[in-house]
Structure formats: structure tokens, C-alpha cells
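Asker: Handing over run_20.cif, mmCIF, C-alpha atoms.
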```cif
data_start
#
loop_
_atom_site.label_atom_id
_atom_site.label_comp_id
_atom_site.auth_asym_id
_atom_site.auth_seq_id
_atom_site.Cartn_x
_atom_site.Cartn_y
_atom_site.Cartn_z
CA PHE A 79 -7.54 12.74 19.70
CA ILE A 80 -7.82 10.69 16.51
CA ARG A 81 -11.60 11.07 16.47
CA ASP A 82 -11.56 14.76 17.42
CA ARG A 83 -9.07 15.63 14.66
CA HIS A 84 -10.55 13.22 12.09
CA ILE A 85 -7.18 11.55 11.60
CA PRO A 86 -7.42 8.49 9.35
CA CYS A 87 -6.22 5.46 11.31
CA PHE A 88 -5.98 1.86 10.11
CA PHE A 89 -5.47 -0.95 12.61
CA ALA A 90 -3.90 -4.34 11.84
CA TYR A 91 -7.05 -6.25 12.76
CA GLN A 92 -9.04 -4.10 10.31
CA LEU A 93 -6.56 -4.71 7.50
CA HIS A 94 -6.71 -8.47 8.18
CA ARG A 95 -10.51 -8.52 8.03
CA GLN A 96 -11.00 -5.91 5.32
CA PRO A 97 -8.18 -5.91 2.76
CA GLU A 98 -10.15 -3.35 0.74
CA LEU A 99 -9.09 -0.78 3.34
CA TYR A 100 -5.70 -0.64 1.60
CA GLY A 101 -7.47 1.36 -1.11
CA ARG A 102 -8.40 4.02 1.48
CA ILE A 103 -4.86 4.55 2.71
CA LEU A 104 -3.43 6.47 -0.25
CA PRO A 105 -6.19 9.11 -0.34
CA ALA A 106 -5.51 9.76 3.35
CA LEU A 107 -1.89 10.71 2.58
CA GLY A 108 -0.42 13.93 1.26
CA GLU A 109 1.85 14.07 -1.77
CA ASN A 110 4.99 14.04 0.45
CA VAL A 111 5.08 11.28 3.05
CA TYR A 112 7.26 10.54 6.06
CA ILE A 113 7.05 6.86 7.01
CA SER A 114 7.52 5.85 10.63
CA ILE A 115 7.59 2.09 11.16
CA ASP A 116 7.06 0.82 14.68
CA LEU A 117 8.25 -2.79 14.75
CA ASP A 118 5.65 -3.47 17.47
CA GLY A 119 3.10 -3.51 14.62
CA PHE A 120 4.48 -6.78 13.25
CA ASP A 121 3.10 -10.07 14.48
CA PRO A 122 5.38 -11.44 17.25
CA SER A 123 5.75 -14.71 15.36
CA ILE A 124 8.14 -12.84 13.05
CA MET A 125 9.14 -9.91 15.30
CA PRO A 126 9.36 -10.92 18.97
CA ALA A 127 12.15 -8.44 19.75
CA VAL A 128 9.99 -5.46 20.68
CA GLY A 129 8.83 -3.86 23.91
CA THR A 130 5.12 -4.36 23.24
CA PRO A 131 4.43 -7.39 21.01
CA GLU A 132 1.15 -7.16 19.09
CA PRO A 133 -0.56 -10.54 18.71
CA GLY A 134 -2.34 -10.53 15.38
CA GLY A 135 -0.02 -7.84 14.06
CA LEU A 136 0.94 -7.38 10.44
CA GLY A 137 2.95 -9.89 8.44
CA TRP A 138 6.07 -9.33 6.36
CA TYR A 139 4.37 -9.35 2.97
CA GLU A 140 1.47 -7.19 4.16
CA VAL A 141 3.91 -4.50 5.25
CA LEU A 142 5.98 -4.76 2.06
CA SER A 143 2.83 -4.48 -0.06
CA LEU A 144 1.74 -1.39 1.81
CA LEU A 145 5.19 0.21 1.54
CA ARG A 146 5.33 -0.58 -2.17
CA LEU A 147 1.89 0.99 -2.66
CA VAL A 148 2.98 4.16 -0.91
CA THR A 149 6.37 4.50 -2.64
CA LYS A 150 4.79 4.00 -6.07
CA ASN A 151 2.19 6.71 -5.48
CA ARG A 152 3.73 9.23 -3.11
CA ARG A 153 7.08 10.96 -2.58
CA VAL A 154 8.76 9.55 0.53
CA VAL A 155 10.77 12.37 2.09
CA GLY A 156 12.13 10.30 4.98
CA PHE A 157 11.49 7.35 7.25
CA ASP A 158 12.45 5.72 10.51
CA VAL A 159 12.21 2.24 11.98
CA MET A 160 11.87 2.03 15.74
CA GLU A 161 11.30 -0.21 18.74
CA LEU A 162 13.78 -3.00 18.02
CA LEU A 163 14.67 -4.59 21.35
CA PRO A 164 17.36 -7.15 20.42
CA ILE A 165 17.20 -10.58 22.03
CA PRO A 166 20.66 -12.05 22.72
CA GLN A 167 21.43 -15.13 20.63
CA THR A 168 18.44 -14.42 18.31
CA ALA A 169 19.42 -12.74 15.06
CA ALA A 170 16.19 -13.14 13.05
CA PRO A 171 14.41 -10.02 14.40
CA ASP A 172 17.53 -7.89 13.82
CA LEU A 173 17.71 -9.21 10.27
CA LEU A 174 14.02 -8.44 9.70
CA ALA A 175 14.57 -4.81 10.77
CA ALA A 176 17.67 -4.48 8.56
CA ARG A 177 15.92 -6.07 5.57
CA LEU A 178 12.94 -3.79 6.09
CA VAL A 179 15.20 -0.74 5.81
CA TYR A 180 16.89 -2.25 2.75
CA LYS A 181 13.55 -2.99 1.05
CA LEU A 182 12.13 0.44 1.80
CA LEU A 183 15.24 2.19 0.47
CA SER A 184 15.06 0.00 -2.64
CA TYR A 185 11.41 0.89 -3.20
CA ILE A 186 12.06 4.60 -2.71
CA PHE A 187 14.99 4.74 -5.13
CA LEU A 188 13.28 2.46 -7.65
CA ASP A 189 10.35 4.85 -7.89
CA ASN A 190 12.32 8.09 -7.50
CA PRO A 191 15.80 7.58 -9.00
CA LEU A 192 18.43 10.13 -8.09
CA PRO A 193 19.33 12.57 -10.86
CA CYS A 194 22.69 11.87 -12.51
#
```
For this file, write the structure as C-alpha cells.
Answerer:
Amino acid sequence: FIRDRHIPCFFAYQLHRQPELYGRILPALGENVYISIDLDGFDPSIMPAVGTPEPGGLGWYEVLSLLRLVTKNRRVVGFDVMELLPIPQTAAPDLLAARLVYKLLSYIFLDNPLPC
């Protein structure tokens, strides 16, 4: 489907090996962007509380850098964060998801302040 429709797709292993691919992400986006974050895309060393852990997934700062790049250069019209599968007695993954939402909201409003 991705190949047939020529949909730009960037995989974590590609971004690890070829950081210059970050420069190809923005041109693949429209002016208005909806961001959907699947927590499965994070490396399980920092996000084990998902249904399908992705060994070699993205790290915290990689994701924040990408989100910052997008919010600085595009208008984010909405977002969601999905696939958190809480682990009893383990708060760190829940905190990561909450902080991710906080950071993304901060980036969006920093770059597109609400009119007074």
C-alpha cells in the first residue's frame, strides 16, 4: 500500500543509520499536520508498557527533536498518543507518555501562541 501510493515512510532503523533522513521528513508533510504517536515506536528500554515493543525503536530525544522540527515548521491541527499498556507498580512508562503530551503541547503553543 505504501509503495503503491508513494507514501513517504521513515522507519526507526533508517533514522538511526541515516540521520540525514530527518531533512526529508518536512517536505513530505503538508502545511497542516495531525500527529499520531504510537508508543510502540519507542525503544522498550524506555517504553516497555506497550502491546508490541520495538527493539531498536526511537529514543526520547530523537522523538522530541522530530516533534520540535515539525512544530516549528508546520501547523499542528491535532494529535494523539496511543498504545500505552500500563504495567502495575511501574510508573515510568506512564510518566513518559504524560510528559510526551506535555512537551508536544508546549511546542505547539510556543510556535503558535493563542490570540489574546
Asker: How would you write, as a PyMOL selection string, the residues chosen by the PyMOL selection byres ((chain A and resi 163) around 8) on this structure?
Answerer: chain A and resi 127-129+161-162+164-165
Asker: At a cut-off of 9 Å, using only C-alpha atoms, what residues contact Gly119 (chain A)? Leave out same-chain residues fewer than 5 positions from it and give the result as number ranges by chain.
Answerer: A: 90, 125, 130-137
Asker: When distances are computed from all atoms listed in the file, which of A:Ile85, A:Leu188, A:Ala169, A:Ile124 shows the smallest separation from Tyr139 (chain A)?
Answerer: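 Under the stated criterion, the closest residue is A:Ile124.
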Asker: Tell me which residues the PyMOL selection byres ((chain A and resi 151-159) around 8) grabs here, as a list in words.
Answerer: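 In the shown coordinates, the PyMOL selection byres ((chain A and resi 151-159) around 8) covers Leu104, Gly108, Glu109, Asn110, Val111, Tyr112, Ile113, Ser114, Ile115, Asp116, Leu117, Leu147, Val148, Thr149, Lys150, Met160, Glu161, Ala175, Val179, Ile186 and Asn190 of chain A.
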Asker: Please, what distance in Å, to one decimal, runs between CA of Leu144 (chain A) and CA of His84 (chain A)?
Answerer: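 Atom-to-atom, CA of Leu144 (chain A) to CA of His84 (chain A), that is 21.7 Å.
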Asker: Got a sec to resolve the PyMOL selection byres ((chain A and resi 176-178) around 10) on this structure and send the residues as a ChimeraX atom specification?
Answerer: /A:115,117,138,141-142,145,159,170-175,179-184
Asker: Kindly give the distance, in Å, that separates CA of Tyr100 (chain A) and CA of Cys87 (chain A), rounded to a single decimal.
Answerer: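 Straight-line distance from CA of Tyr100 (chain A) to CA of Cys87 (chain A) works out to 11.5 Å.
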